$ cat start10.cif   # mmCIF, C-alpha atoms and all ligand atoms
data_model
loop_
_atom_site.label_atom_id
_atom_site.label_comp_id
_atom_site.auth_asym_id
_atom_site.auth_seq_id
_atom_site.Cartn_x
_atom_site.Cartn_y
_atom_site.Cartn_z
CA MET D 193 -33.05 2.75 -13.03
CA THR D 194 -30.24 0.19 -13.17
CA SER D 195 -28.94 -1.75 -16.14
CA ARG D 196 -27.57 -5.24 -15.69
CA VAL D 197 -24.55 -6.39 -17.68
CA LEU D 198 -23.72 -10.04 -17.29
CA VAL D 199 -20.32 -11.31 -18.44
CA LEU D 200 -19.98 -15.08 -18.74
CA GLY D 201 -16.42 -16.41 -18.53
CA ALA D 202 -13.42 -14.79 -16.82
CA GLY D 203 -10.68 -15.78 -19.23
CA TYR D 204 -8.45 -13.72 -21.50
CA ALA D 205 -11.45 -11.98 -23.05
CA GLY D 206 -14.11 -11.88 -20.31
CA LEU D 207 -12.07 -10.66 -17.33
CA PRO D 208 -10.76 -7.42 -18.89
CA ALA D 209 -14.14 -6.88 -20.55
CA ALA D 210 -16.01 -6.89 -17.22
CA LYS D 211 -13.50 -4.63 -15.49
CA ARG D 212 -13.33 -2.16 -18.33
CA ILE D 213 -17.11 -1.82 -18.62
CA ALA D 214 -17.37 -1.16 -14.86
CA ARG D 215 -14.63 1.48 -15.11
CA GLN D 216 -16.69 3.59 -17.54
CA VAL D 217 -20.10 3.70 -15.81
CA TYR D 218 -21.53 4.55 -12.37
CA ARG D 219 -21.96 1.60 -10.02
CA ASP D 220 -25.43 2.65 -8.89
CA GLU D 221 -26.55 2.80 -12.53
CA VAL D 222 -24.96 -0.25 -14.10
CA GLU D 223 -24.50 -3.56 -12.30
CA VAL D 224 -21.69 -5.60 -13.86
CA THR D 225 -21.62 -9.27 -12.85
CA LEU D 226 -18.93 -11.74 -13.91
CA VAL D 227 -19.62 -15.48 -13.77
CA ASN D 228 -16.85 -18.06 -13.94
CA GLY D 229 -16.60 -21.74 -13.17
CA THR D 230 -13.33 -21.47 -11.26
CA ALA D 231 -12.28 -19.08 -8.50
CA ASP D 232 -8.78 -18.67 -9.97
CA PHE D 233 -7.75 -17.18 -13.28
CA VAL D 234 -6.62 -20.03 -15.53
CA GLU D 235 -3.59 -18.91 -17.51
CA ARG D 236 -4.08 -21.55 -20.19
CA PRO D 237 -0.94 -20.72 -22.22
CA ARG D 238 1.15 -21.72 -19.20
CA LEU D 239 -0.62 -24.99 -18.42
CA HIS D 240 2.01 -27.05 -20.25
CA GLN D 241 4.59 -25.54 -17.90
CA MET D 242 2.50 -26.62 -14.91
CA ALA D 243 2.24 -30.08 -16.44
CA VAL D 244 6.00 -30.50 -15.97
CA GLY D 245 6.02 -29.25 -12.41
CA GLN D 246 6.99 -25.61 -12.88
CA ASP D 247 5.86 -23.54 -9.95
CA LEU D 248 3.72 -20.80 -11.44
CA THR D 249 1.71 -18.18 -9.61
CA VAL D 250 -2.03 -18.77 -9.73
CA ILE D 251 -4.01 -15.58 -9.18
CA PRO D 252 -7.52 -15.64 -7.68
CA LEU D 253 -10.05 -13.75 -9.81
CA GLN D 254 -11.13 -11.77 -6.73
CA LYS D 255 -7.63 -10.32 -6.57
CA TYR D 256 -7.89 -9.02 -10.13
CA LEU D 257 -11.41 -7.73 -9.43
CA GLY D 258 -10.66 -5.96 -6.13
CA GLY D 259 -11.97 -2.39 -6.19
CA SER D 260 -13.35 -2.69 -9.73
CA GLY D 261 -17.01 -2.75 -8.72
CA VAL D 262 -17.57 -5.98 -10.67
CA ARG D 263 -19.64 -8.54 -8.76
CA PHE D 264 -18.27 -12.05 -9.05
CA LEU D 265 -20.26 -15.28 -8.98
CA GLN D 266 -18.40 -18.57 -9.04
CA GLY D 267 -20.50 -21.15 -10.82
CA TRP D 268 -21.02 -23.06 -14.05
CA VAL D 269 -23.41 -21.68 -16.63
CA GLN D 270 -25.98 -24.34 -17.44
CA SER D 271 -28.26 -22.60 -19.92
CA ILE D 272 -29.06 -19.26 -21.49
CA ASP D 273 -32.58 -18.13 -22.31
CA VAL D 274 -32.07 -15.31 -24.81
CA ASP D 275 -35.82 -14.56 -25.02
CA ALA D 276 -36.23 -14.19 -21.26
CA HIS D 277 -32.77 -12.53 -20.94
CA ALA D 278 -31.87 -15.02 -18.21
CA VAL D 279 -28.96 -17.36 -17.42
CA SER D 280 -28.95 -20.37 -15.09
CA VAL D 281 -25.79 -20.91 -13.09
CA SER D 282 -24.99 -23.89 -10.91
CA THR D 283 -22.90 -22.84 -7.92
CA GLY D 284 -22.60 -26.33 -6.48
CA ALA D 285 -24.85 -25.37 -3.57
CA ASP D 286 -27.78 -24.19 -5.69
CA VAL D 287 -28.86 -23.01 -9.14
CA ARG D 288 -29.10 -19.23 -9.59
CA HIS D 289 -31.17 -17.54 -12.27
CA LEU D 290 -29.56 -14.27 -13.33
CA SER D 291 -31.31 -11.70 -15.50
CA TYR D 292 -29.51 -9.35 -17.84
CA ASP D 293 -30.07 -6.41 -20.12
CA ILE D 294 -26.80 -6.99 -21.97
CA LEU D 295 -24.97 -10.30 -22.07
CA VAL D 296 -21.28 -10.70 -22.89
CA TYR D 297 -20.58 -14.32 -23.74
CA ALA D 298 -16.91 -15.23 -23.21
CA LEU D 299 -16.94 -18.92 -22.33
CA GLY D 300 -13.83 -19.67 -24.37
CA SER D 301 -12.88 -23.11 -25.59
CA SER D 302 -11.38 -26.35 -24.35
CA THR D 303 -9.65 -29.36 -25.86
CA ASP D 304 -12.03 -31.19 -28.17
CA VAL D 305 -12.14 -34.66 -26.63
CA GLY D 306 -15.19 -35.88 -28.53
CA ALA D 307 -13.92 -36.11 -32.10
CA VAL D 308 -11.80 -39.25 -31.69
CA PRO D 309 -12.90 -42.33 -29.71
CA GLY D 310 -10.95 -43.11 -26.56
CA VAL D 311 -9.48 -39.65 -25.98
CA ARG D 312 -11.63 -39.01 -22.89
CA GLU D 313 -10.72 -42.36 -21.33
CA HIS D 314 -7.06 -42.81 -22.25
CA ALA D 315 -5.39 -39.42 -22.81
CA LEU D 316 -4.56 -36.39 -20.70
CA THR D 317 -5.64 -32.91 -21.71
CA LEU D 318 -4.55 -29.55 -20.36
CA ASP D 319 -7.62 -27.41 -19.73
CA ALA D 320 -7.58 -26.85 -15.98
CA ILE D 321 -4.97 -26.19 -13.32
CA GLU D 322 -5.84 -29.43 -11.48
CA TRP D 323 -5.48 -31.41 -14.72
CA ALA D 324 -2.02 -29.96 -15.28
CA ALA D 325 -1.09 -30.93 -11.71
CA HIS D 326 -2.46 -34.42 -12.35
CA ALA D 327 -0.40 -34.61 -15.55
CA TRP D 328 2.77 -33.76 -13.61
CA ASP D 329 2.06 -36.56 -11.12
CA ALA D 330 1.67 -38.95 -14.05
CA VAL D 331 4.80 -37.72 -15.90
CA ARG D 332 7.12 -37.87 -12.92
CA GLY D 333 5.80 -41.31 -11.98
CA LEU D 334 7.04 -42.81 -15.27
CA GLU D 335 9.99 -45.17 -15.44
CA PRO D 336 13.07 -43.97 -17.41
CA ARG D 337 12.68 -44.65 -21.16
CA ALA D 338 8.90 -44.82 -20.85
CA THR D 339 7.12 -43.42 -23.92
CA VAL D 340 5.08 -40.24 -23.79
CA VAL D 341 3.02 -39.54 -26.91
CA VAL D 342 1.58 -36.13 -27.66
CA CYS D 343 -1.17 -36.19 -30.29
CA GLY D 344 -1.43 -32.97 -32.28
CA GLY D 345 1.25 -31.09 -34.19
CA GLY D 346 -0.33 -27.67 -33.63
CA LEU D 347 0.94 -25.04 -31.27
CA THR D 348 -0.29 -26.72 -28.08
CA GLY D 349 0.97 -30.21 -28.95
CA ILE D 350 4.40 -28.91 -29.94
CA GLU D 351 4.69 -26.94 -26.70
CA ILE D 352 3.66 -29.89 -24.50
CA ALA D 353 6.08 -32.28 -26.24
CA ALA D 354 9.00 -29.85 -25.96
CA GLU D 355 8.32 -29.09 -22.31
CA VAL D 356 8.13 -32.79 -21.35
CA ALA D 357 11.25 -33.69 -23.37
CA GLU D 358 13.30 -30.87 -21.85
CA THR D 359 12.22 -31.56 -18.26
CA MET D 360 12.43 -35.34 -18.42
CA PRO D 361 15.20 -36.20 -20.97
CA GLU D 362 15.18 -39.81 -19.75
CA LEU D 363 11.71 -40.29 -21.26
CA SER D 364 11.08 -41.08 -24.89
CA VAL D 365 8.77 -38.39 -26.32
CA ARG D 366 6.90 -38.83 -29.58
CA LEU D 367 4.82 -36.17 -31.34
CA VAL D 368 2.09 -37.69 -33.51
CA SER D 369 0.45 -35.44 -36.06
CA ALA D 370 -1.57 -35.74 -39.27
CA SER D 371 0.51 -33.02 -40.92
CA GLN D 372 4.08 -31.93 -40.29
CA PRO D 373 4.28 -30.07 -36.95
CA GLY D 374 4.45 -26.35 -37.67
CA HIS D 375 3.59 -26.82 -41.36
CA TRP D 376 1.97 -23.35 -41.42
CA LEU D 377 5.17 -21.54 -40.37
CA SER D 378 7.67 -19.82 -42.66
CA ASP D 379 10.49 -22.06 -43.97
CA LYS D 380 12.96 -20.49 -41.57
CA ALA D 381 10.73 -20.95 -38.54
CA ARG D 382 9.81 -24.51 -39.51
CA ARG D 383 13.46 -25.43 -39.99
CA HIS D 384 14.29 -24.04 -36.57
CA LEU D 385 11.36 -25.84 -34.98
CA HIS D 386 12.43 -29.20 -36.41
CA HIS D 387 16.02 -28.57 -35.42
CA VAL D 388 14.92 -28.04 -31.79
CA LEU D 389 12.58 -31.06 -31.84
CA GLU D 390 15.54 -33.14 -32.98
CA PHE D 391 17.82 -31.56 -30.38
CA LEU D 392 15.28 -32.53 -27.70
CA SER D 393 15.17 -36.08 -29.16
CA ILE D 394 11.47 -35.81 -29.93
CA GLU D 395 10.46 -38.38 -32.50
CA VAL D 396 7.91 -37.06 -34.99
CA THR D 397 5.33 -39.36 -36.58
CA SER D 398 3.30 -37.52 -39.20
CA GLY D 399 1.25 -38.29 -42.30
CA ALA D 400 -1.59 -40.22 -40.66
CA ARG D 401 -4.45 -39.22 -38.40
CA VAL D 402 -5.12 -40.78 -35.02
CA CYS D 403 -8.42 -42.70 -35.42
CA GLU D 404 -8.67 -44.12 -31.95
CA VAL D 405 -6.92 -43.94 -28.60
CA GLN D 406 -6.85 -47.21 -26.72
CA ALA D 407 -5.25 -47.96 -23.36
CA GLY D 408 -1.54 -47.59 -24.16
CA ASN D 409 -2.05 -47.60 -27.93
CA LEU D 410 -2.88 -45.19 -30.75
CA ILE D 411 -4.56 -46.51 -33.88
CA LEU D 412 -3.57 -44.46 -36.95
CA SER D 413 -5.45 -43.98 -40.22
CA ASN D 414 -2.70 -45.85 -42.15
CA GLY D 415 -3.36 -48.97 -40.08
CA ARG D 416 -0.25 -48.62 -37.93
CA SER D 417 -0.37 -48.38 -34.18
CA VAL D 418 1.83 -46.49 -31.75
CA GLY D 419 2.27 -47.73 -28.20
CA PHE D 420 2.63 -45.40 -25.24
CA ASP D 421 2.89 -45.30 -21.48
CA LEU D 422 1.36 -41.84 -21.16
CA GLY D 423 -0.63 -39.96 -23.77
CA PHE D 424 -1.51 -36.27 -24.12
CA TRP D 425 -4.24 -35.14 -26.48
CA ALA D 426 -3.84 -31.76 -28.19
CA GLY D 427 -5.91 -32.34 -31.31
CA GLY D 428 -7.59 -28.93 -31.33
CA PHE D 429 -10.06 -26.82 -29.36
CA GLY D 430 -13.86 -26.84 -29.45
CA VAL D 431 -16.32 -24.35 -27.98
CA PRO D 432 -19.12 -25.04 -25.48
CA ALA D 433 -22.49 -25.96 -26.97
CA LEU D 434 -24.26 -23.30 -24.88
CA ALA D 435 -24.28 -20.64 -27.63
CA ARG D 436 -25.80 -23.02 -30.16
CA GLU D 437 -28.28 -24.39 -27.62
CA ALA D 438 -29.35 -20.85 -26.73
CA GLY D 439 -30.23 -20.24 -30.37
CA LEU D 440 -27.46 -17.77 -31.21
CA ALA D 441 -26.34 -17.80 -34.84
CA VAL D 442 -23.22 -19.96 -34.89
CA THR D 443 -20.78 -21.31 -37.48
CA ALA D 444 -20.32 -25.01 -38.22
CA THR D 445 -17.74 -25.12 -35.43
CA GLY D 446 -20.23 -23.64 -32.94
CA ARG D 447 -18.58 -20.22 -32.59
CA ALA D 448 -21.12 -17.40 -32.40
CA ARG D 449 -21.29 -15.13 -35.43
CA VAL D 450 -20.69 -11.49 -34.57
CA ASP D 451 -20.63 -8.23 -36.48
CA ASP D 452 -17.90 -5.60 -36.44
CA ARG D 453 -19.01 -4.49 -32.93
CA LEU D 454 -18.75 -8.06 -31.64
CA GLN D 455 -22.53 -8.14 -31.36
CA SER D 456 -24.31 -11.41 -32.09
CA VAL D 457 -25.74 -11.20 -35.61
CA SER D 458 -28.91 -12.90 -34.36
CA HIS D 459 -29.38 -11.37 -30.89
CA PRO D 460 -28.48 -7.68 -30.47
CA ASP D 461 -28.42 -7.86 -26.65
CA VAL D 462 -25.69 -10.47 -26.76
CA TYR D 463 -22.01 -9.80 -27.48
CA VAL D 464 -19.55 -12.62 -27.99
CA ILE D 465 -15.79 -12.42 -27.53
CA GLY D 466 -12.66 -14.55 -27.32
CA ASP D 467 -12.48 -18.09 -28.67
CA ALA D 468 -16.29 -18.36 -28.54
CA ALA D 469 -16.69 -15.70 -31.25
CA ALA D 470 -16.42 -16.13 -35.01
CA VAL D 471 -14.85 -12.84 -36.01
CA CYS D 472 -14.55 -12.51 -39.77
CA GLY D 473 -12.05 -10.41 -41.67
CA SER D 474 -9.34 -10.64 -44.30
CA TRP D 475 -8.36 -14.01 -42.74
CA GLY D 476 -11.76 -15.58 -43.45
CA ASP D 477 -14.91 -16.33 -41.43
CA GLU D 478 -13.21 -17.02 -38.11
CA PHE D 479 -9.90 -15.94 -36.73
CA ALA D 480 -7.66 -18.48 -35.00
CA MET D 481 -8.45 -19.30 -31.40
CA GLY D 482 -5.87 -17.82 -29.05
CA CYS D 483 -5.16 -15.02 -26.62
CA ARG D 484 -3.21 -13.38 -29.44
CA THR D 485 -6.55 -12.95 -31.27
CA GLY D 486 -9.43 -13.13 -28.79
CA GLY D 487 -7.48 -11.17 -26.20
CA PHE D 488 -8.14 -8.01 -28.22
CA THR D 489 -11.90 -8.51 -28.19
CA GLY D 490 -12.32 -8.03 -24.40
CA PRO D 491 -11.30 -4.36 -24.19
CA LYS D 492 -13.13 -3.61 -27.44
CA VAL D 493 -16.44 -5.11 -26.35
CA ALA D 494 -16.16 -3.18 -23.09
CA ASP D 495 -15.96 0.09 -25.00
CA VAL D 496 -18.83 -0.93 -27.27
CA VAL D 497 -21.08 -1.88 -24.34
CA ALA D 498 -20.14 1.19 -22.27
CA ALA D 499 -20.84 3.40 -25.28
CA ARG D 500 -24.21 1.76 -25.82
CA LEU D 501 -25.19 2.24 -22.17
CA THR D 502 -24.15 5.87 -22.18
CA GLY D 503 -25.59 6.79 -25.55
CA ARG D 504 -22.50 6.94 -27.71
CA GLU D 505 -21.05 5.05 -30.67
CA VAL D 506 -17.55 3.64 -31.05
CA GLU D 507 -15.39 2.63 -33.96
CA PRO D 508 -15.81 -0.92 -35.25
CA PHE D 509 -13.44 -3.65 -34.07
CA LYS D 510 -10.24 -3.64 -36.08
CA PHE D 511 -7.88 -6.53 -35.79
CA ARG D 512 -4.61 -7.45 -37.41
CA TYR D 513 -2.48 -10.45 -36.66
CA ILE D 514 0.93 -9.66 -35.18
CA HIS D 515 2.74 -12.82 -34.18
CA GLU D 516 2.57 -16.39 -33.03
CA CYS D 517 4.77 -17.30 -30.08
CA ILE D 518 5.79 -20.93 -29.61
CA SER D 519 7.78 -21.98 -26.57
CA LEU D 520 9.96 -25.06 -26.99
CA GLY D 521 10.83 -25.73 -23.38
CA ARG D 522 12.47 -22.97 -21.35
CA LYS D 523 15.59 -22.45 -23.48
CA HIS D 524 14.18 -22.48 -27.00
CA GLY D 525 11.30 -20.98 -28.86
CA VAL D 526 10.12 -19.49 -32.12
CA VAL D 527 8.24 -16.26 -32.64
CA GLN D 528 6.71 -16.11 -36.09
CA PHE D 529 5.72 -12.60 -37.13
CA LEU D 530 2.57 -12.35 -39.23
CA ASN D 531 0.95 -10.06 -41.77
CA ALA D 532 -2.39 -8.47 -40.90
CA ASP D 533 -4.34 -11.33 -42.49
CA GLY D 534 -2.42 -14.01 -40.59
CA SER D 535 -0.07 -15.02 -43.41
CA VAL D 536 3.54 -15.50 -42.35
CA LYS D 537 6.32 -12.96 -42.69
CA GLN D 538 9.90 -14.07 -43.12
CA ARG D 539 10.80 -12.35 -39.83
CA ILE D 540 11.21 -14.67 -36.85
CA LEU D 541 12.85 -14.76 -33.43
CA THR D 542 14.42 -17.89 -32.02
CA GLY D 543 16.11 -19.17 -28.87
CA ARG D 544 16.14 -17.13 -25.68
CA LYS D 545 14.98 -14.02 -27.51
CA ALA D 546 11.83 -15.88 -28.46
CA ILE D 547 11.31 -17.11 -24.88
CA MET D 548 11.79 -13.59 -23.52
CA TYR D 549 9.37 -12.21 -26.12
CA LYS D 550 6.72 -14.80 -25.24
CA ASN D 551 7.12 -14.22 -21.49
CA ALA D 552 6.82 -10.48 -22.02
CA THR D 553 3.64 -11.05 -24.03
CA LEU D 554 2.09 -13.26 -21.34
CA ASN D 555 3.15 -10.86 -18.58
CA GLY D 556 1.60 -8.06 -20.63
CA GLY D 557 -1.65 -10.04 -20.41
CA ARG D 558 -1.40 -10.04 -16.61
CA MET D 559 -0.94 -6.27 -16.68
CA VAL D 560 -4.10 -5.93 -18.74
CA PHE D 561 -6.01 -8.02 -16.19
CA LYS D 562 -4.75 -5.77 -13.39
CA HIS D 563 -5.23 -2.48 -15.20
CA SER D 564 -7.95 -3.06 -17.74
CA GLY D 565 -8.37 0.63 -18.48
CA PRO D 566 -9.26 2.79 -20.20
CA ALA D 567 -6.67 4.83 -18.33
CA LEU D 568 -8.05 8.30 -18.89
CA ALA D 569 -11.73 7.53 -19.34
CA ARG D 570 -14.25 9.31 -17.17
CA ARG D 571 -17.42 7.63 -15.98
CA ARG D 572 -20.54 8.57 -17.88
CA HIS D 573 -24.19 8.41 -16.89
CA LEU D 574 -26.50 5.76 -18.18
CA VAL D 575 -28.88 7.20 -20.71
CA LYS D 576 -32.59 6.44 -20.48
CA ASP D 577 -33.12 2.90 -21.73
CA GLY D 578 -29.36 2.76 -22.23
CA ALA D 579 -29.27 -0.97 -22.73
CA ARG D 580 -31.72 -0.63 -25.57
CA THR D 581 -30.48 2.57 -27.20
CA ILE D 582 -28.13 1.21 -29.84
CA SER D 583 -28.96 -2.27 -30.91
CA GLY D 584 -27.40 -3.87 -33.93
CA THR D 585 -30.75 -3.65 -35.67
CA SER D 586 -31.19 0.05 -35.08
CA ARG D 587 -27.57 0.78 -35.97
CA GLN D 588 -27.77 -1.14 -39.20
CA SER D 589 -30.99 0.57 -40.18
CA ALA D 590 -29.74 4.02 -39.18
C1 LIG X 601 -1.45 -25.49 -23.19
C2 LIG X 601 -2.00 -24.30 -23.92
C3 LIG X 601 -1.12 -23.39 -24.50
C4 LIG X 601 -1.64 -22.30 -25.20
N1 LIG X 601 -0.75 -21.41 -25.73
C5 LIG X 601 -1.21 -20.34 -26.40
C6 LIG X 601 -0.30 -19.40 -26.97
O1 LIG X 601 0.91 -19.56 -26.89
N2 LIG X 601 -0.83 -18.32 -27.63
C7 LIG X 601 -2.19 -18.14 -27.75
O2 LIG X 601 -2.61 -17.14 -28.35
N3 LIG X 601 -3.06 -19.01 -27.22
C8 LIG X 601 -2.61 -20.10 -26.55
N4 LIG X 601 -3.50 -20.98 -26.00
C9 LIG X 601 -4.93 -20.75 -26.22
C10 LIG X 601 -5.48 -19.69 -25.28
O3 LIG X 601 -5.21 -20.03 -23.95
C11 LIG X 601 -6.98 -19.53 -25.47
O4 LIG X 601 -7.25 -19.34 -26.83
C12 LIG X 601 -7.51 -18.34 -24.67
O5 LIG X 601 -7.38 -18.64 -23.30
C13 LIG X 601 -8.96 -18.05 -25.03
O6 LIG X 601 -9.41 -16.98 -24.26
P1 LIG X 601 -10.98 -16.87 -23.89
O7 LIG X 601 -11.11 -15.73 -22.95
O8 LIG X 601 -11.78 -16.90 -25.11
O9 LIG X 601 -11.29 -18.22 -23.13
P2 LIG X 601 -10.66 -18.84 -21.81
O10 LIG X 601 -9.35 -18.22 -21.49
O11 LIG X 601 -10.72 -20.31 -22.02
O12 LIG X 601 -11.68 -18.41 -20.70
C14 LIG X 601 -12.99 -18.91 -20.64
C15 LIG X 601 -13.43 -18.92 -19.20
O13 LIG X 601 -14.79 -19.36 -19.14
C16 LIG X 601 -14.92 -20.34 -18.13
N5 LIG X 601 -16.03 -21.22 -18.49
C17 LIG X 601 -16.13 -22.05 -19.55
N6 LIG X 601 -17.32 -22.65 -19.57
C18 LIG X 601 -17.99 -22.19 -18.50
C19 LIG X 601 -19.29 -22.41 -17.97
N7 LIG X 601 -20.16 -23.23 -18.55
N8 LIG X 601 -19.65 -21.73 -16.85
C20 LIG X 601 -18.80 -20.89 -16.23
N9 LIG X 601 -17.56 -20.64 -16.68
C21 LIG X 601 -17.16 -21.28 -17.80
C22 LIG X 601 -13.58 -21.04 -18.09
O14 LIG X 601 -13.40 -21.67 -16.83
C23 LIG X 601 -12.63 -19.88 -18.33
O15 LIG X 601 -12.27 -19.25 -17.13
C24 LIG X 601 -3.03 -22.09 -25.29
C25 LIG X 601 -3.91 -22.99 -24.69
C26 LIG X 601 -3.41 -24.09 -24.01
C27 LIG X 601 -4.38 -25.04 -23.36
#
$ encode --input "start10.cif" --output "structure tokens" --more "lines below"
Ligand SMILES: Cc1cc2nc3c(=O)[nH]c(=O)nc-3n(C[C@H](O)[C@H](O)[C@H](O)COP(=O)(O)OP(=O)(O)OC[C@H]3O[C@@H](n4cnc5c(N)ncnc54)[C@H](O)[C@@H]3O)c2cc1C
Amino acid sequence: MTSRVLVLGAGYAGLPAAKRIARQVYRDEVEVTLVNGTADFVERPRLHQMAVGQDLTVIPLQKYLGGSGVRFLQGWVQSIDVDAHAVSVSTGADVRHLSYDILVYALGSSTDVGAVPGVREHALTLDAIEWAAHAWDAVRGLEPRATVVVCGGGLTGIEIAAEVAETMPELSVRLVSASQPGHWLSDKARRHLHHVLEFLSIEVTSGARVCEVQAGNLILSNGRSVGFDLGFWAGGFGVPALAREAGLAVTATGRARVDDRLQSVSHPDVYVIGDAAAVCGSWGDEFAMGCRTGGFTGPKVADVVAARLTGREVEPFKFRYIHECISLGRKHGVVQFLNADGSVKQRILTGRKAIMYKNATLNGGRMVFKHSGPALARRRHLVKDGARTISGTSRQSA
């Protein structure tokens, strides 16, 4: 008897989840398969660094998976049939139909390019390594004093603008945002952020939404327009439609609703983690998208799934916000420490300390991908009908 666990998406949540499940069960009893569109791990929080030509190490997923017992399939998930427990994956050469007993859905998010007309055609986004490389070609090809606009005053937009301004001081960089960039930060952090934006000569245009992106021109909600030579779009992330299309219970933003074991509230054989999951708590119905949030769901779901397969129960998922790390080029940054519910503390780090803190956090992520743990866990045998032993329904009714 073999159980099949299928993990979709090898990002911050899915990669450690797959490895950590495999580490806790016997290979001849549980087959763990990881599906991902790309062969390399995409370190999304460093893509803005790649977009200004920084030479960063790209690690193939197979390297992280070596010796873990996880089977890897490179391909793009096309559809999920939750009734038939089957997933269709396009590998480029053919379409594979994979069956599962337990599905872990970790397909993450990407820049939402559909909400505003013209974004797809006229702006760059940073969602893939090749796109970051393409962005660097475009940035370094600009004439001195050319204008780069970055749309979006959230974390990603701020980081892109700062990186471009620091690397190419001869360019004119403008950050366009409906609200003040960093408006959610503590006063101290916001003051520091604006001080650095000014130091980097980044012009901030806020108070109006971008309604349309045209070739070389932004149309704002107040009727004004902003010309540009190169535009980046960082107006927020959206999740793939696959969860909704499969019939999973989702929120208005399309994130799959999960319970405190990260189990889909509508389909007990499906677990959802990372940006794709709507995890509710003291912060509301969904926590923020980010590795600082979703990154914690990978190891947890692994323990939940391994426990289910081997006839045990585990503690519910407990999460508390810790920090938000914003890099402002390579010499400046802000780390905003947070209360458990995501509200801001007065404590911050700035400058090189902040950069070192953020690098340590990202490098810590790499360590987790290499050694996904649990360090001292022993493998356990699959119990009879392991995949069906503890479903959300039976647990809730127990
Ligand atoms: C420029 C930038 C800077 C950022 N900085 C920060 C930061 O400082 N702090 C922070 O917390 N977050 C940051 N983020 C956000 C963070 O990267 C994401 O929230 C995080 O990667 C989400 O993890 P995940 O595992 O849910 O999804 P992902 O890491 O996106 O992984 C999902 C995986 O699924 C794959 N996939 C998607 N669809 C399919 C499909 N149909 N078939 C097969 N495979 C598929 C993708 O290729 C990917 O490998 C940043 C993002 C960007 C773009």
$ residues_around --input "start10.cif" --residues "Asn551 (chain D)" --least-positions-apart "6" --cutoff "12 Å" --atoms "all atoms listed in the file" --output "list in words"
Pro237, Arg238, Cys517, Ile518, Ser519, Arg522, Lys523, Gly525, Val527, Arg544, Lys545, Gly557 and Arg558 of chain D
$ residues_near_ligand --input "start10.cif" --ligand "ligand LIG 601 (chain X)" --cutoff "7 Å" --atoms "only C-alpha atoms and all ligand atoms" --output "ChimeraX atom specification"
/D:200-206,227-230,233-240,267-270,298-302,318-319,347-348,352,432,465-468,481-487,516-518
$ residues_around --input "start10.cif" --residues "region 368-378 of chain D" --least-positions-apart "4" --cutoff "9 Å" --atoms "only C-alpha atoms" --output "VMD selection string"
chain D and resid 341 to 347 349 to 350 382 to 383 385 to 386 395 to 402 418 427 528 535 to 540
$ atom_distance --input "start10.cif" --atom1 "CA of Ala407 (chain D)" --atom2 "CA of Phe429 (chain D)"
22.5 Å
$ residues_around --input "start10.cif" --residues "Pro361 (chain D)" --least-positions-apart "6" --cutoff "12 Å" --atoms "only C-alpha atoms" --output "PDB file with C-alpha atoms, in the coordinates of the input"
ATOM      1  CA  VAL D 244       6.000 -30.500 -15.970  1.00  0.00           C
ATOM      2  CA  VAL D 331       4.800 -37.720 -15.900  1.00  0.00           C
ATOM      3  CA  ARG D 332       7.120 -37.870 -12.920  1.00  0.00           C
ATOM      4  CA  LEU D 334       7.040 -42.810 -15.270  1.00  0.00           C
ATOM      5  CA  GLU D 335       9.990 -45.170 -15.440  1.00  0.00           C
ATOM      6  CA  PRO D 336      13.070 -43.970 -17.410  1.00  0.00           C
ATOM      7  CA  ARG D 337      12.680 -44.650 -21.160  1.00  0.00           C
ATOM      8  CA  ALA D 338       8.900 -44.820 -20.850  1.00  0.00           C
ATOM      9  CA  THR D 339       7.120 -43.420 -23.920  1.00  0.00           C
ATOM     10  CA  VAL D 340       5.080 -40.240 -23.790  1.00  0.00           C
ATOM     11  CA  ALA D 353       6.080 -32.280 -26.240  1.00  0.00           C
ATOM     12  CA  ALA D 354       9.000 -29.850 -25.960  1.00  0.00           C
ATOM     13  CA  GLU D 355       8.320 -29.090 -22.310  1.00  0.00           C
ATOM     14  CA  PHE D 391      17.820 -31.560 -30.380  1.00  0.00           C
ATOM     15  CA  LEU D 392      15.280 -32.530 -27.700  1.00  0.00           C
ATOM     16  CA  SER D 393      15.170 -36.080 -29.160  1.00  0.00           C
ATOM     17  CA  ILE D 394      11.470 -35.810 -29.930  1.00  0.00           C
ATOM     18  CA  GLY D 521      10.830 -25.730 -23.380  1.00  0.00           C
TER      19      GLY D 521
END
$ atom_distance --input "start10.cif" --atom1 "CA of Met242 (chain D)" --atom2 "CA of Glu362 (chain D)"
18.9 Å
$ closest_residue --input "start10.cif" --among "D:Lys255, D:Arg447, D:Lys550, D:Arg453" --to "Val506 (chain D)" --atoms "only C-alpha atoms"
D:Arg453
$ closest_residue --input "start10.cif" --among "D:Thr542, D:Thr443, D:Gln266, D:Ser417" --to "Cys472 (chain D)" --atoms "only C-alpha atoms"
D:Thr443
$ atom_distance --input "start10.cif" --atom1 "CA of Ile251 (chain D)" --atom2 "CA of Tyr513 (chain D)"
28.0 Å
$ axis_aligned_box --input "start10.cif" --around "region 211-225 of chain D" --padding-each-side "6 Å" --output "lines of an AutoDock Vina configuration file"
center_x = -19.9
center_y = -2.4
center_z = -13.8
size_x = 25.2
size_y = 25.8
size_z = 21.7
$ closest_residue --input "start10.cif" --among "D:Val356, D:Ile272, D:Leu207, D:Val197" --to "Leu440 (chain D)" --atoms "only C-alpha atoms"
D:Ile272
$ closest_residue --input "start10.cif" --among "D:Leu265, D:Ala498, D:Lys211, D:Glu437" --to "Arg288 (chain D)" --atoms "all atoms listed in the file"
D:Leu265
